[in-house]
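Trainee: Hey, dropping final_10.tsv in here, TSV, C-alpha atoms:
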```
chain	number	residue	atom	x	y	z
A	1	LEU	CA	-18.14	55.30	-27.05
A	2	ARG	CA	-18.94	51.57	-27.11
A	3	CYS	CA	-17.78	50.92	-23.56
A	4	GLY	CA	-20.57	53.23	-22.43
A	5	MET	CA	-23.24	51.22	-24.22
A	6	VAL	CA	-25.80	49.31	-22.17
A	7	ASP	CA	-26.81	45.68	-22.56
A	8	SER	CA	-29.60	45.26	-25.15
A	9	LEU	CA	-31.51	42.77	-23.04
A	10	ASP	CA	-31.54	44.26	-19.56
A	11	GLY	CA	-31.15	47.90	-20.72
A	12	ILE	CA	-29.04	48.67	-17.66
A	13	THR	CA	-25.65	46.99	-17.54
A	14	GLU	CA	-22.93	49.04	-19.18
A	15	ALA	CA	-20.03	47.45	-21.02
A	16	ASN	CA	-17.82	49.49	-18.66
A	17	ASP	CA	-19.01	47.23	-15.85
A	18	ALA	CA	-19.28	43.90	-17.66
A	19	CYS	CA	-16.49	43.76	-20.22
A	20	CYS	CA	-12.83	43.24	-19.40
A	21	VAL	CA	-11.79	45.20	-22.49
A	22	CYS	CA	-13.53	48.21	-20.99
A	23	GLY	CA	-12.02	47.78	-17.56
A	24	GLY	CA	-14.99	45.84	-16.15
A	25	GLY	CA	-15.50	42.13	-15.45
A	26	SER	CA	-14.09	40.43	-12.40
A	27	THR	CA	-10.67	39.27	-11.35
A	28	VAL	CA	-10.05	35.55	-11.67
A	29	GLU	CA	-7.69	34.19	-9.07
A	30	THR	CA	-5.65	31.46	-10.68
A	31	GLU	CA	-4.53	28.62	-8.47
A	32	PRO	CA	-0.84	28.60	-7.72
A	33	VAL	CA	1.02	25.81	-9.44
A	34	VAL	CA	2.19	23.57	-6.64
A	35	GLU	CA	5.13	21.42	-7.64
A	36	PRO	CA	5.35	17.79	-6.50
A	37	VAL	CA	7.41	17.25	-3.38
A	38	PRO	CA	10.97	16.52	-4.56
A	39	GLY	CA	12.45	13.24	-3.44
A	40	CYS	CA	9.10	11.78	-2.40
A	41	VAL	CA	6.88	9.09	-3.91
A	42	ASP	CA	3.15	8.96	-3.10
A	43	GLY	CA	2.08	5.84	-1.25
A	44	LEU	CA	-0.72	3.30	-1.71
A	45	ASN	CA	-3.90	2.44	0.13
A	46	GLU	CA	-4.53	-0.84	1.96
A	47	ASN	CA	-5.53	-2.42	-1.36
A	48	GLU	CA	-2.08	-1.55	-2.70
A	49	GLU	CA	-3.60	0.93	-5.14
A	50	PRO	CA	-2.90	4.67	-5.51
A	51	TRP	CA	-4.65	6.77	-2.84
A	52	PHE	CA	-7.91	8.08	-4.29
A	53	PHE	CA	-10.72	10.34	-3.13
A	54	ASN	CA	-13.99	10.31	-5.05
A	55	ALA	CA	-14.48	14.06	-5.53
A	56	GLY	CA	-15.61	15.34	-8.91
A	57	SER	CA	-13.62	13.44	-11.47
A	58	GLY	CA	-11.58	11.79	-8.70
A	59	LYS	CA	-8.55	13.08	-6.86
A	60	TYR	CA	-5.20	11.40	-6.37
A	61	CYS	CA	-2.19	12.43	-4.31
A	62	ASN	CA	-0.70	14.21	-7.32
A	63	ASN	CA	-3.64	16.67	-7.44
A	64	THR	CA	-1.55	19.01	-5.32
A	65	ASN	CA	-3.48	22.18	-6.21
A	66	TRP	CA	-6.71	20.59	-5.02
A	67	PHE	CA	-5.09	19.68	-1.70
A	68	HIS	CA	-3.61	23.13	-1.18
A	69	GLN	CA	-7.00	24.81	-1.50
A	70	LYS	CA	-7.97	23.24	1.86
A	71	LEU	CA	-4.81	21.50	2.94
A	72	GLU	CA	-5.60	20.60	6.55
A	73	LEU	CA	-9.09	19.36	5.73
A	74	ARG	CA	-8.18	17.32	2.68
A	75	CYS	CA	-5.05	15.78	4.15
A	76	GLY	CA	-7.30	14.25	6.82
A	77	MET	CA	-9.54	12.56	4.25
A	78	VAL	CA	-9.48	8.79	3.88
A	79	ASP	CA	-9.21	6.79	0.69
A	80	SER	CA	-12.62	6.23	-0.93
A	81	PHE	CA	-11.93	2.56	-1.66
A	82	ASP	CA	-10.38	1.18	1.51
A	83	GLY	CA	-11.97	3.66	3.93
A	84	ILE	CA	-8.84	3.61	6.10
A	85	THR	CA	-5.77	5.22	4.56
A	86	GLU	CA	-5.51	8.95	5.27
A	87	ALA	CA	-3.97	11.29	2.74
A	88	SER	CA	-1.61	12.40	5.50
A	89	ASP	CA	-0.05	8.92	5.39
A	90	ALA	CA	-0.12	8.29	1.64
A	91	CYS	CA	0.39	11.67	-0.05
A	92	CYS	CA	3.67	13.55	-0.25
A	93	VAL	CA	1.79	16.85	-0.43
A	94	CYS	CA	0.45	16.09	3.05
A	95	GLY	CA	3.76	14.96	4.50
A	96	GLY	CA	3.18	11.27	3.79
A	97	GLY	CA	4.49	9.03	1.03
A	98	THR	CA	7.96	7.52	0.82
A	99	VAL	CA	11.04	9.71	1.02
A	100	GLN	CA	13.72	9.07	-1.55
A	101	SER	CA	17.44	9.37	-1.02
A	102	ASP	CA	19.14	11.22	-3.86
A	103	HIS	CA	16.00	10.62	-5.93
A	104	VAL	CA	16.34	6.86	-5.59
A	105	ILE	CA	13.54	5.12	-3.75
A	106	SER	CA	14.99	3.57	-0.66
A	107	THR	CA	14.47	-0.19	-0.72
A	108	GLU	CA	12.64	-1.91	2.09
A	109	PRO	CA	14.78	-3.79	4.56
A	110	VAL	CA	14.99	-7.48	3.79
A	111	ILE	CA	13.18	-9.26	6.60
A	112	GLU	CA	14.09	-12.91	6.82
A	113	PRO	CA	11.45	-15.59	7.36
A	114	VAL	CA	11.01	-16.70	10.97
A	115	PRO	CA	13.45	-19.58	11.55
A	116	GLY	CA	11.91	-22.83	12.72
A	117	CYS	CA	8.40	-21.77	11.68
A	118	ALA	CA	6.15	-22.84	8.81
A	119	ASP	CA	3.31	-20.61	7.61
A	120	GLY	CA	-0.12	-22.15	8.06
A	121	LEU	CA	-3.13	-22.62	5.81
A	122	ASN	CA	-6.60	-21.11	5.68
A	123	LYS	CA	-9.80	-23.10	6.32
A	124	ASN	CA	-9.71	-24.29	2.71
A	125	GLU	CA	-6.29	-25.86	3.32
A	126	GLU	CA	-4.70	-23.31	1.02
A	127	PRO	CA	-1.89	-20.83	1.79
A	128	TRP	CA	-3.16	-17.72	3.64
A	129	PHE	CA	-3.85	-14.99	1.08
A	130	PHE	CA	-4.94	-11.36	1.11
A	131	ASN	CA	-6.17	-9.78	-2.10
A	132	ALA	CA	-4.07	-6.61	-2.14
A	133	GLY	CA	-2.56	-5.49	-5.42
A	134	SER	CA	-1.02	-8.59	-6.95
A	135	GLY	CA	-1.92	-10.63	-3.86
A	136	LYS	CA	-0.11	-11.05	-0.55
A	137	TYR	CA	0.86	-14.26	1.20
A	138	CYS	CA	2.40	-14.90	4.61
A	139	ASN	CA	5.87	-14.85	3.08
A	140	ASN	CA	5.45	-11.18	2.00
A	141	THR	CA	7.13	-10.23	5.25
A	142	ASN	CA	8.17	-6.74	4.11
A	143	TRP	CA	4.54	-5.89	3.32
A	144	PHE	CA	3.44	-7.04	6.77
A	145	HIS	CA	6.17	-5.12	8.58
A	146	GLN	CA	5.12	-1.82	6.99
A	147	LYS	CA	1.91	-1.90	9.12
A	148	LEU	CA	2.38	-4.99	11.23
A	149	GLU	CA	-0.44	-4.65	13.76
A	150	LEU	CA	-3.03	-3.70	11.15
A	151	ARG	CA	-2.12	-6.32	8.56
A	152	CYS	CA	-1.68	-9.17	11.03
A	153	GLY	CA	-5.33	-8.64	11.99
A	154	MET	CA	-6.53	-9.07	8.40
A	155	VAL	CA	-8.47	-12.18	7.43
A	156	ASP	CA	-7.85	-14.43	4.45
A	157	SER	CA	-9.60	-13.09	1.34
A	158	LEU	CA	-10.73	-16.53	0.23
A	159	ASP	CA	-12.15	-18.10	3.40
A	160	GLY	CA	-13.03	-14.82	5.18
A	161	ILE	CA	-12.11	-16.33	8.57
A	162	THR	CA	-8.45	-17.11	9.08
A	163	GLU	CA	-6.47	-14.20	10.52
A	164	ALA	CA	-2.85	-13.63	9.58
A	165	ASN	CA	-2.17	-13.74	13.34
A	166	ASP	CA	-3.01	-17.44	13.27
A	167	ALA	CA	-1.55	-18.44	9.91
A	168	CYS	CA	1.56	-16.34	9.35
A	169	CYS	CA	4.88	-16.79	11.12
A	170	VAL	CA	5.66	-13.09	10.67
A	171	CYS	CA	2.62	-12.34	12.86
A	172	GLY	CA	3.42	-14.95	15.50
A	173	GLY	CA	1.24	-17.65	13.92
A	174	GLY	CA	2.13	-20.67	11.82
A	175	SER	CA	3.53	-23.88	13.27
A	176	THR	CA	6.86	-24.83	14.74
A	177	VAL	CA	9.14	-26.89	12.54
A	178	GLU	CA	11.37	-29.25	14.47
A	179	THR	CA	14.56	-29.80	12.55
A	180	GLU	CA	16.44	-33.03	13.07
A	181	PRO	CA	19.80	-32.59	14.75
A	182	VAL	CA	22.77	-32.98	12.45
A	183	VAL	CA	24.76	-35.99	13.61
A	184	GLU	CA	28.36	-35.94	12.53
A	185	PRO	CA	29.90	-39.15	11.22
A	186	VAL	CA	32.06	-41.03	13.68
A	187	PRO	CA	35.67	-40.21	12.79
A	188	GLY	CA	37.77	-43.21	11.72
A	189	CYS	CA	34.72	-45.44	11.18
A	190	VAL	CA	32.93	-46.75	8.07
A	191	ASP	CA	29.31	-47.91	8.24
A	192	GLY	CA	28.83	-51.60	7.49
A	193	LEU	CA	26.47	-53.60	5.29
A	194	ASN	CA	23.59	-55.96	6.02
A	195	GLU	CA	23.47	-59.67	5.23
A	196	ASN	CA	22.53	-58.82	1.65
A	197	GLU	CA	25.67	-56.74	1.33
A	198	GLU	CA	23.59	-53.55	1.17
A	199	PRO	CA	23.79	-50.41	3.38
A	200	TRP	CA	21.92	-50.90	6.67
A	201	PHE	CA	18.39	-49.51	6.31
A	202	PHE	CA	15.34	-49.16	8.54
```
Using structure tokens, write down the structure from this file.
Mentor:
Amino acid sequence: LRCGMVDSLDGITEANDACCVCGGGSTVETEPVVEPVPGCVDGLNENEEPWFFNAGSGKYCNNTNWFHQKLELRCGMVDSFDGITEASDACCVCGGGTVQSDHVISTEPVIEPVPGCADGLNKNEEPWFFNAGSGKYCNNTNWFHQKLELRCGMVDSLDGITEANDACCVCGGGSTVETEPVVEPVPGCVDGLNENEEPWFF
């Protein structure tokens, strides 16, 4: 009886059409729950912060349902803060991120400093510095090698001029350090003293 009643305000719409309890209403398609990619850790933007897109309340890589609604489109979007990093590079859901081995994040290779080279200074006579995350200096060689060409072209955050290419050994900059040759003692000989009975000195 009541499902056949019409709306009191428009005088037309029956409960049969409008109310779910009467078999009306409309079907709501719930989004599929998309699980995080196993064995993968989402990456960071160029500012060493989590990838972020300013849509609605803000979207991060772990908003997998949002990505899957329009996967190809959204995986091509760039981070709203750095304007460079694509989701396809940073987000596991898009095929980016860092792959883990047996659920342990693989450590970066240890890249040794460049032998015979000293990192240079910026125009303020201070060590070259880029304000990314906790701050990066020339000796953060692993950070540079992740995106060598891009990061070696970055300028110092404090003077706004000096490129890493000029200051940092890892980028081919810096200055050559000439080490003194190691001279072995003469076998079977003991150095003498001066007239004051002290070791010879110049």
Trainee: Find the residue from A:Glu126, A:Phe53, A:Gly39, A:Phe81 that sits nearest to A:Gly96; use all atoms listed in the file when measuring.
Mentor: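 Nearest to A:Gly96: A:Gly39.
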Trainee: Can you tell me how far atom CA of A:Pro187 sits from atom CA of A:Phe201, in Å to one decimal?
Mentor: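 Atom CA of A:Phe201 lies at a distance of 20.7 Å from atom CA of A:Pro187.
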Trainee: Between atom CA of A:Leu73 and atom CA of A:Leu148, what is the distance in Å, rounded to a tenth?
Mentor: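 We find that atom CA of A:Leu73 and atom CA of A:Leu148 lie 27.5 Å from each other.
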Trainee: Point out the residue among A:Ile12, A:Ala90, A:Ala118, A:Met77 with the least atom-to-atom distance to A:Glu178, counting all atoms listed in the file.
Mentor: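 Counting all atoms listed in the file, the residue closest to A:Glu178 is A:Ala118.
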Trainee: Which is closer to A:Trp51 than all the others in A:Ala87, A:Cys19, A:Leu193, A:Cys94, using all atoms listed in the file?
Mentor: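 Among A:Ala87, A:Cys19, A:Leu193, A:Cys94, it is A:Ala87 that comes nearest to A:Trp51.
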Trainee: Figure out the distance between atom CA of A:Val41 and atom CA of A:Ser80, please, to one decimal in Å.
Mentor: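 Taking atom CA of A:Ser80 as the start and atom CA of A:Val41 as the end point, the length is 19.9 Å.
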Trainee: Hey, what's within 12 Å of A:Asn63 if we count all atoms listed in the file and toss same-chain stuff fewer than 4 positions away? As an MDAnalysis selection string, please?
Mentor: chainID A and resid 33:37 42 51:53 55 57:59 67:69 71 74:75 87 91:94
Trainee: Let me make sure I understand: among A:Pro199, A:Val99, A:Ser157, A:Gly120, which one has the smallest atom-to-atom distance to A:Gly173 if we use only C-alpha atoms?
Mentor: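 Ranked by minimum distance to A:Gly173, first place goes to A:Gly120.
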Trainee: With distances taken over all atoms listed in the file, which residue among A:Leu158, A:Cys168, A:Gly56, A:Arg2 lies nearest A:Asn16?
Mentor: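 The closest residue to A:Asn16 is A:Arg2.
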Trainee: Quick one: of A:Gly83, A:Gly174, A:Gly95, A:Gly160, who's nearest to A:Val114, counting all atoms listed in the file?
Mentor: A:Gly174
